[in-house]
file start.txt (compact mmCIF, C-alpha atoms)
# COMPACT_ATOMS: atom_id res chain seq x y z
CA MET G 7 106.93 101.93 84.46
CA ALA G 8 108.77 99.87 87.09
CA ILE G 9 109.10 102.97 89.31
CA THR G 10 105.36 103.61 89.03
CA LYS G 11 104.59 100.04 90.10
CA ASP G 12 107.00 100.34 93.03
CA VAL G 13 105.37 103.59 94.14
CA LYS G 14 101.92 102.00 93.97
CA TYR G 15 103.22 99.03 95.94
CA LEU G 16 104.71 101.35 98.59
CA LEU G 17 101.49 103.35 98.89
CA LEU G 18 99.42 100.18 99.18
CA ASN G 19 101.52 98.71 101.98
CA LYS G 20 102.43 101.84 103.93
CA ILE G 21 99.23 103.88 103.66
CA PHE G 22 96.29 101.81 102.44
CA THR G 23 97.01 98.65 104.45
CA PRO G 24 96.59 100.30 107.89
CA LEU G 25 93.62 102.29 106.60
CA ILE G 26 91.86 99.19 105.27
CA TYR G 27 92.58 97.35 108.53
CA HIS G 28 90.91 100.11 110.56
CA LEU G 29 87.92 100.12 108.20
CA PHE G 30 87.59 96.33 108.55
CA ASN G 31 87.87 96.66 112.32
CA LEU G 32 85.05 99.18 112.45
CA TYR G 33 83.02 97.13 109.99
CA SER G 34 83.38 93.96 112.05
CA LYS G 35 81.84 95.72 115.04
CA THR G 36 78.54 95.96 113.15
CA LEU G 37 78.30 92.17 112.91
CA ARG G 38 76.45 90.09 115.51
CA VAL G 39 78.69 87.07 116.05
CA GLN G 40 77.62 83.91 117.84
CA TYR G 41 80.37 81.53 118.97
CA ASP G 42 79.69 77.80 119.37
CA GLY G 43 82.01 75.11 120.74
CA ILE G 44 84.79 77.51 121.70
CA ARG G 45 85.05 76.53 125.36
CA THR G 46 86.10 72.94 124.58
CA ILE G 47 88.83 74.13 122.23
CA GLN G 48 90.07 76.74 124.71
CA THR G 49 90.29 74.11 127.46
CA TYR G 50 92.33 71.86 125.15
CA LEU G 51 94.72 74.74 124.41
CA ASP G 52 94.98 75.70 128.08
CA ASN G 53 96.03 72.13 128.87
CA GLY G 54 98.92 72.30 126.41
CA GLY G 55 97.19 70.93 123.32
CA ARG G 56 97.85 72.21 119.81
CA ILE G 57 95.23 72.85 117.16
CA ILE G 58 94.95 73.84 113.51
CA ILE G 59 91.77 75.72 112.61
CA ALA G 60 90.69 74.57 109.14
CA CYS G 61 88.16 76.28 106.86
CA TRP G 62 87.31 76.96 103.22
CA HIS G 63 88.88 79.89 101.38
CA GLN G 64 85.33 81.10 100.71
CA ARG G 65 84.75 81.84 104.42
CA PHE G 66 88.14 83.12 105.56
CA PHE G 67 86.69 86.58 106.29
CA GLY G 68 85.66 84.91 109.56
CA GLY G 69 89.34 84.68 110.44
CA PHE G 70 89.10 88.31 111.50
CA PHE G 71 87.63 87.10 114.79
CA LEU G 72 89.95 84.19 115.56
CA PRO G 73 92.78 85.96 117.46
CA LYS G 74 90.14 87.72 119.56
CA ILE G 75 88.30 84.47 120.31
CA PHE G 76 91.32 82.63 121.69
CA LYS G 77 93.37 85.69 122.70
CA GLN G 78 96.38 84.13 121.00
CA SER G 79 98.34 84.77 117.81
CA PRO G 80 97.74 81.90 115.39
CA CYS G 81 100.02 81.41 112.40
CA ILE G 82 98.73 81.16 108.84
CA MET G 83 100.30 80.58 105.42
CA ILE G 84 100.09 83.54 103.02
CA SER G 85 101.30 83.41 99.40
CA GLN G 86 104.57 85.07 98.37
CA SER G 87 102.87 87.24 95.73
CA ARG G 88 102.45 91.00 95.98
CA ASP G 89 98.79 90.41 96.78
CA GLY G 90 100.10 88.22 99.58
CA ASP G 91 102.22 91.13 100.85
CA PHE G 92 99.07 93.21 101.19
CA ILE G 93 97.06 90.41 102.83
CA SER G 94 99.99 89.66 105.14
CA GLY G 95 99.98 93.25 106.37
CA ILE G 96 96.27 93.08 107.15
CA VAL G 97 96.30 89.74 108.96
CA GLN G 98 99.35 90.75 111.01
CA ARG G 99 97.45 93.77 112.32
CA ILE G 100 94.48 91.54 113.16
CA GLY G 101 96.74 89.37 115.32
CA TRP G 102 97.85 86.54 113.04
CA ILE G 103 101.45 85.48 112.39
CA PRO G 104 101.87 85.29 108.59
CA VAL G 105 104.12 82.57 107.17
CA ARG G 106 104.93 83.27 103.54
CA GLY G 107 104.48 80.55 100.94
CA SER G 108 101.81 78.48 99.20
CA SER G 109 101.30 75.13 97.47
CA SER G 110 102.54 76.68 94.21
CA ARG G 111 105.48 78.76 95.50
CA GLY G 112 107.75 78.27 98.50
CA GLY G 113 105.47 75.59 99.86
CA LYS G 114 108.03 73.23 101.42
CA GLU G 115 109.84 75.92 103.38
CA ALA G 116 106.56 77.53 104.43
CA LEU G 117 105.25 74.16 105.66
CA LYS G 118 108.38 73.70 107.79
CA LYS G 119 107.93 77.18 109.23
CA MET G 120 104.24 76.53 109.88
CA ILE G 121 105.11 73.33 111.77
CA GLN G 122 107.56 75.28 113.94
CA GLU G 123 105.05 78.07 114.61
CA VAL G 124 102.20 75.70 115.49
CA MET G 125 104.47 73.84 117.89
CA GLN G 126 105.54 77.13 119.46
CA GLN G 127 102.26 79.07 119.46
CA GLY G 128 99.95 76.09 119.97
CA ILE G 129 97.49 77.31 117.34
CA GLY G 130 97.47 77.84 113.58
CA GLY G 131 94.97 78.43 110.82
CA HIS G 132 94.85 76.74 107.43
CA ILE G 133 92.83 77.64 104.33
CA VAL G 134 92.40 74.08 103.15
CA ASP G 135 91.45 74.68 99.48
CA GLY G 136 93.43 77.87 98.85
CA PRO G 137 94.92 79.85 97.35
CA LYS G 138 93.43 78.98 93.94
CA GLY G 139 91.25 75.94 94.46
CA PRO G 140 89.56 73.84 93.30
CA PRO G 141 86.95 74.81 95.90
CA GLN G 142 86.04 72.48 98.75
CA ILE G 143 88.90 70.10 97.98
CA ILE G 144 91.29 69.69 100.91
CA LYS G 145 94.93 69.75 99.85
CA PRO G 146 97.43 67.36 101.50
CA GLY G 147 99.22 70.19 103.34
CA LEU G 148 96.65 70.28 106.14
CA VAL G 149 97.12 66.61 107.05
CA SER G 150 100.93 66.86 106.79
CA LEU G 151 100.95 69.96 109.00
CA ALA G 152 98.87 68.22 111.67
CA GLN G 153 101.00 65.06 111.51
CA HIS G 154 104.33 66.81 111.93
CA SER G 155 103.25 69.41 114.48
CA GLY G 156 101.31 67.01 116.69
CA ALA G 157 98.25 69.27 116.43
CA ALA G 158 94.62 68.24 116.25
CA ILE G 159 92.54 69.57 113.36
CA CYS G 160 89.58 71.73 114.35
CA PRO G 161 87.12 72.39 111.49
CA ALA G 162 85.82 75.96 111.62
CA PHE G 163 82.30 76.40 110.31
CA ILE G 164 81.52 80.05 109.55
CA SER G 165 78.15 81.12 108.24
CA TYR G 166 76.60 84.49 107.44
CA GLU G 167 72.90 85.31 107.60
CA ASN G 168 73.29 87.83 104.76
CA ALA G 169 76.38 88.04 102.59
CA TRP G 170 77.78 89.46 99.40
CA ILE G 171 78.99 86.67 97.10
CA PHE G 172 81.82 87.54 94.73
CA ASN G 173 82.37 86.15 91.25
CA SER G 174 85.62 84.41 92.16
CA TRP G 175 86.76 80.79 91.87
CA ASP G 176 85.40 80.04 95.35
CA GLN G 177 82.46 82.48 95.34
CA PHE G 178 84.07 84.34 98.22
CA MET G 179 81.62 85.62 100.82
CA VAL G 180 81.62 88.78 102.94
CA PRO G 181 78.88 89.31 105.53
CA LYS G 182 76.74 92.39 104.99
CA PRO G 183 76.67 95.07 107.70
CA PHE G 184 74.62 94.12 110.79
CA SER G 185 74.36 90.52 109.60
CA ARG G 186 74.33 87.70 112.10
CA VAL G 187 77.38 85.45 111.92
CA ILE G 188 77.93 82.00 113.42
CA PHE G 189 81.47 80.84 114.18
CA ARG G 190 81.30 77.17 115.17
CA ALA G 191 84.31 75.11 116.25
CA GLY G 192 83.89 71.48 115.22
CA SER G 193 85.08 68.45 117.14
CA LEU G 194 88.83 67.90 117.31
CA ILE G 195 90.19 65.43 114.76
CA PHE G 196 93.42 63.63 115.61
CA VAL G 197 95.69 62.59 112.77
CA PRO G 198 97.54 59.24 112.94
CA LYS G 199 101.32 59.68 113.04
CA GLU G 200 101.93 56.92 110.51
CA MET G 201 99.85 56.42 107.35
CA ASP G 202 100.66 54.92 103.97
CA GLY G 203 99.65 56.78 100.82
CA TYR G 204 96.26 55.07 100.57
CA ARG G 205 95.31 55.74 104.19
CA PHE G 206 96.61 59.31 103.98
CA ASP G 207 94.33 60.11 101.04
CA ALA G 208 91.39 58.28 102.62
CA PHE G 209 91.84 60.35 105.78
CA ARG G 210 91.99 63.54 103.70
CA ARG G 211 88.77 62.61 101.87
CA GLU G 212 86.97 61.75 105.12
CA LEU G 213 87.95 65.14 106.54
CA GLU G 214 86.80 66.83 103.34
CA ALA G 215 83.38 65.14 103.58
CA GLU G 216 83.11 66.26 107.20
CA LEU G 217 83.71 69.89 106.27
CA VAL G 218 81.20 69.74 103.41
CA ALA G 219 78.54 68.24 105.69
CA GLY G 220 79.30 70.68 108.50
CA TYR G 221 78.93 73.70 106.23
CA GLU G 222 75.67 72.39 104.80
CA GLU G 223 74.34 72.01 108.33
CA ILE G 224 75.39 75.44 109.57
CA ASP G 225 74.15 77.22 106.43
CA SER G 226 70.74 75.60 106.91
CA THR G 227 70.40 77.58 110.18
CA TRP G 228 69.08 80.60 108.29
CA LYS G 229 66.37 78.53 106.54
CA LYS G 230 64.69 77.45 109.77
call {"tool": "encode", "arguments": {"input": "start.txt", "output": "structure tokens"}}
result
Amino acid sequence: MAITKDVKYLLLNKIFTPLIYHLFNLYSKTLRVQYDGIRTIQTYLDNGGRIIIACWHQRFFGGFFLPKIFKQSPCIMISQSRDGDFISGIVQRIGWIPVRGSSSRGGKEALKKMIQEVMQQGIGGHIVDGPKGPPQIIKPGLVSLAQHSGAAICPAFISYENAWIFNSWDQFMVPKPFSRVIFRAGSLIFVPKEMDGYRFDAFRRELEAELVAGYEEIDSTWKK
């Protein structure tokens, strides 16, 4: 049985991963993507600034476009599970730099590696409520990453005109073919270097409220 699992794992990573990437790549070309607020972020990067793009797990399909938008290779934390191996292979082909670990496994070492990569690359991505939720609750890792890397947090608001919604913990969304998509970069948020526990959590909750409000606003676009 172990051999069978290993064979399936090998087939998934060596054959199906590149195939699925190419299918996603073709699929993404059917989408009509509108970019808002990108120029300000690009200028900040060009002047030596560092940023962490932050979004909900529910909308991380939009991450397919990020390396193309900024023409850079952002880093992102991917779990150390076998599912993570598969996802890591996909995101690497898209142009991301996967850093293996999560809040439940290998988190401390992965956070250190993420800090190093953000400082070196200038840009990283963070799924703020992943990998298992609860949804729309920002975990402390985002604030710690920004503090120690000296990066500003840039909320990423991604909305689909028409989407499939999956029956997962976060109601994961995938835009339907030929759907319009908005990728909006929010204003940069700078994290204080020194905060006590109370201020740290207050900052996290303020950021969380900003993401919730920003997503409500961008999703209302399709109702106008």
call {"tool": "closest_residue", "arguments": {"input": "start.txt", "among": "G:Gly69, G:Pro24, G:Gly113, G:Pro183", "to": "G:Ile164", "atoms": "all atoms listed in the file"}}
result
G:Gly69
call {"tool": "residues_around", "arguments": {"input": "start.txt", "residues": "stretch 25-32 of chain G", "least_positions_apart": "3", "cutoff": "8 Å", "atoms": "all atoms listed in the file", "output": "list in words"}}
result
Ile21, Phe22, Lys35, Thr36, Ile96, Arg99 and Ile100 of chain G
call {"tool": "residues_around", "arguments": {"input": "start.txt", "residues": "G:Pro141", "least_positions_apart": "4", "cutoff": "9 Å", "atoms": "all atoms listed in the file", "output": "JSON, numbers by chain"}}
result
{"G": [62, 63, 64, 135, 136, 175, 176, 177]}
call {"tool": "closest_residue", "arguments": {"input": "start.txt", "among": "G:Lys145, G:His132, G:Lys118, G:Arg45", "to": "G:Ala60", "atoms": "all atoms listed in the file"}}
result
G:His132
call {"tool": "closest_residue", "arguments": {"input": "start.txt", "among": "G:Ile195, G:Ile57, G:Val187, G:Ile75", "to": "G:Trp228", "atoms": "all atoms listed in the file"}}
result
G:Val187
call {"tool": "atom_distance", "arguments": {"input": "start.txt", "atom1": "atom CA of G:Ile143", "atom2": "atom CA of G:Gln122"}}
result
25.1 Å
call {"tool": "closest_residue", "arguments": {"input": "start.txt", "among": "G:Leu194, G:Val105, G:Val134, G:Cys61", "to": "G:Gln86", "atoms": "only C-alpha atoms"}}
result
G:Val105
call {"tool": "closest_residue", "arguments": {"input": "start.txt", "among": "G:Val180, G:Val39, G:Ile188, G:Ile93", "to": "G:Glu223", "atoms": "all atoms listed in the file"}}
result
G:Ile188
call {"tool": "closest_residue", "arguments": {"input": "start.txt", "among": "G:Met120, G:Ile129, G:Val149, G:Ile44", "to": "G:Arg211", "atoms": "all atoms listed in the file"}}
result
G:Val149
call {"tool": "atom_distance", "arguments": {"input": "start.txt", "atom1": "atom CA of G:Glu212", "atom2": "atom CA of G:Ser165"}}
result
21.5 Å
call {"tool": "closest_atom_pairs", "arguments": {"input": "start.txt", "of": "stretch 34-78 of chain G", "to": "stretch 154-162 of chain G", "cutoff": "12 Å", "atoms": "only C-alpha atoms", "output": "JSON lines"}}
result
{"residue": "G:Tyr41", "atom": "CA", "partner": "G:Ala162", "partner_atom": "CA", "distance": 10.7}
{"residue": "G:Asp42", "atom": "CA", "partner": "G:Ala162", "partner_atom": "CA", "distance": 10.1}
{"residue": "G:Gly43", "atom": "CA", "partner": "G:Ala162", "partner_atom": "CA", "distance": 9.9}
{"residue": "G:Ile44", "atom": "CA", "partner": "G:Ala162", "partner_atom": "CA", "distance": 10.3}
{"residue": "G:Thr46", "atom": "CA", "partner": "G:Cys160", "partner_atom": "CA", "distance": 10.9}
{"residue": "G:Ile47", "atom": "CA", "partner": "G:Cys160", "partner_atom": "CA", "distance": 8.3}
{"residue": "G:Gln48", "atom": "CA", "partner": "G:Cys160", "partner_atom": "CA", "distance": 11.5}
{"residue": "G:Tyr50", "atom": "CA", "partner": "G:Ala158", "partner_atom": "CA", "distance": 9.9}
{"residue": "G:Leu51", "atom": "CA", "partner": "G:Ala157", "partner_atom": "CA", "distance": 10.3}
{"residue": "G:Gly54", "atom": "CA", "partner": "G:Ala157", "partner_atom": "CA", "distance": 10.5}
{"residue": "G:Gly55", "atom": "CA", "partner": "G:Ala157", "partner_atom": "CA", "distance": 7.2}
{"residue": "G:Arg56", "atom": "CA", "partner": "G:Ala157", "partner_atom": "CA", "distance": 4.5}
{"residue": "G:Ile57", "atom": "CA", "partner": "G:Ala158", "partner_atom": "CA", "distance": 4.7}
{"residue": "G:Ile58", "atom": "CA", "partner": "G:Ile159", "partner_atom": "CA", "distance": 4.9}
{"residue": "G:Ile59", "atom": "CA", "partner": "G:Cys160", "partner_atom": "CA", "distance": 4.9}
{"residue": "G:Ala60", "atom": "CA", "partner": "G:Pro161", "partner_atom": "CA", "distance": 4.8}
{"residue": "G:Cys61", "atom": "CA", "partner": "G:Ala162", "partner_atom": "CA", "distance": 5.3}
{"residue": "G:Trp62", "atom": "CA", "partner": "G:Ala162", "partner_atom": "CA", "distance": 8.6}
{"residue": "G:His63", "atom": "CA", "partner": "G:Ala162", "partner_atom": "CA", "distance": 11.4}
{"residue": "G:Arg65", "atom": "CA", "partner": "G:Ala162", "partner_atom": "CA", "distance": 9.4}
{"residue": "G:Phe66", "atom": "CA", "partner": "G:Ala162", "partner_atom": "CA", "distance": 9.7}
{"residue": "G:Phe67", "atom": "CA", "partner": "G:Ala162", "partner_atom": "CA", "distance": 11.9}
{"residue": "G:Gly68", "atom": "CA", "partner": "G:Ala162", "partner_atom": "CA", "distance": 9.2}
{"residue": "G:Gly69", "atom": "CA", "partner": "G:Ala162", "partner_atom": "CA", "distance": 9.5}
{"residue": "G:Phe71", "atom": "CA", "partner": "G:Ala162", "partner_atom": "CA", "distance": 11.7}
{"residue": "G:Leu72", "atom": "CA", "partner": "G:Ala162", "partner_atom": "CA", "distance": 10.0}
call {"tool": "write_last_selection", "arguments": {"input": "start.txt", "atoms": "C-alpha atoms", "output": "PDB file, in the frame of the given file"}}
result
ATOM      1  CA  TYR G  41      80.370  81.530 118.970  1.00  0.00           C
ATOM      2  CA  ASP G  42      79.690  77.800 119.370  1.00  0.00           C
ATOM      3  CA  GLY G  43      82.010  75.110 120.740  1.00  0.00           C
ATOM      4  CA  ILE G  44      84.790  77.510 121.700  1.00  0.00           C
ATOM      5  CA  THR G  46      86.100  72.940 124.580  1.00  0.00           C
ATOM      6  CA  ILE G  47      88.830  74.130 122.230  1.00  0.00           C
ATOM      7  CA  GLN G  48      90.070  76.740 124.710  1.00  0.00           C
ATOM      8  CA  TYR G  50      92.330  71.860 125.150  1.00  0.00           C
ATOM      9  CA  LEU G  51      94.720  74.740 124.410  1.00  0.00           C
ATOM     10  CA  GLY G  54      98.920  72.300 126.410  1.00  0.00           C
ATOM     11  CA  GLY G  55      97.190  70.930 123.320  1.00  0.00           C
ATOM     12  CA  ARG G  56      97.850  72.210 119.810  1.00  0.00           C
ATOM     13  CA  ILE G  57      95.230  72.850 117.160  1.00  0.00           C
ATOM     14  CA  ILE G  58      94.950  73.840 113.510  1.00  0.00           C
ATOM     15  CA  ILE G  59      91.770  75.720 112.610  1.00  0.00           C
ATOM     16  CA  ALA G  60      90.690  74.570 109.140  1.00  0.00           C
ATOM     17  CA  CYS G  61      88.160  76.280 106.860  1.00  0.00           C
ATOM     18  CA  TRP G  62      87.310  76.960 103.220  1.00  0.00           C
ATOM     19  CA  HIS G  63      88.880  79.890 101.380  1.00  0.00           C
ATOM     20  CA  ARG G  65      84.750  81.840 104.420  1.00  0.00           C
ATOM     21  CA  PHE G  66      88.140  83.120 105.560  1.00  0.00           C
ATOM     22  CA  PHE G  67      86.690  86.580 106.290  1.00  0.00           C
ATOM     23  CA  GLY G  68      85.660  84.910 109.560  1.00  0.00           C
ATOM     24  CA  GLY G  69      89.340  84.680 110.440  1.00  0.00           C
ATOM     25  CA  PHE G  71      87.630  87.100 114.790  1.00  0.00           C
ATOM     26  CA  LEU G  72      89.950  84.190 115.560  1.00  0.00           C
TER      27      LEU G  72
END
call {"tool": "atom_distance", "arguments": {"input": "start.txt", "atom1": "atom CA of G:Gly220", "atom2": "atom CA of G:Phe163"}}
result
6.7 Å
call {"tool": "residues_near_point", "arguments": {"input": "start.txt", "point": "(104.7, 79.1, 105.3)", "cutoff": "8 Å", "atoms": "only C-alpha atoms", "output": "CSV table (one decimal) with C-alpha atoms, keeping the file's coordinate frame"}}
result
chain,number,residue,atom,x,y,z
G,82,ILE,CA,98.7,81.2,108.8
G,83,MET,CA,100.3,80.6,105.4
G,84,ILE,CA,100.1,83.5,103.0
G,104,PRO,CA,101.9,85.3,108.6
G,105,VAL,CA,104.1,82.6,107.2
G,106,ARG,CA,104.9,83.3,103.5
G,107,GLY,CA,104.5,80.6,100.9
G,108,SER,CA,101.8,78.5,99.2
G,112,GLY,CA,107.8,78.3,98.5
G,113,GLY,CA,105.5,75.6,99.9
G,114,LYS,CA,108.0,73.2,101.4
G,115,GLU,CA,109.8,75.9,103.4
G,116,ALA,CA,106.6,77.5,104.4
G,117,LEU,CA,105.2,74.2,105.7
G,118,LYS,CA,108.4,73.7,107.8
G,119,LYS,CA,107.9,77.2,109.2
G,120,MET,CA,104.2,76.5,109.9
call {"tool": "axis_aligned_box", "arguments": {"input": "start.txt", "around": "stretch 124-139 of chain G", "padding_each_side": "6 Å", "output": "AutoDock Vina command-line options"}}
result
--center_x 98.4 --center_y 76.8 --center_z 107.0 --size_x 26.3 --size_y 18.0 --size_z 38.0
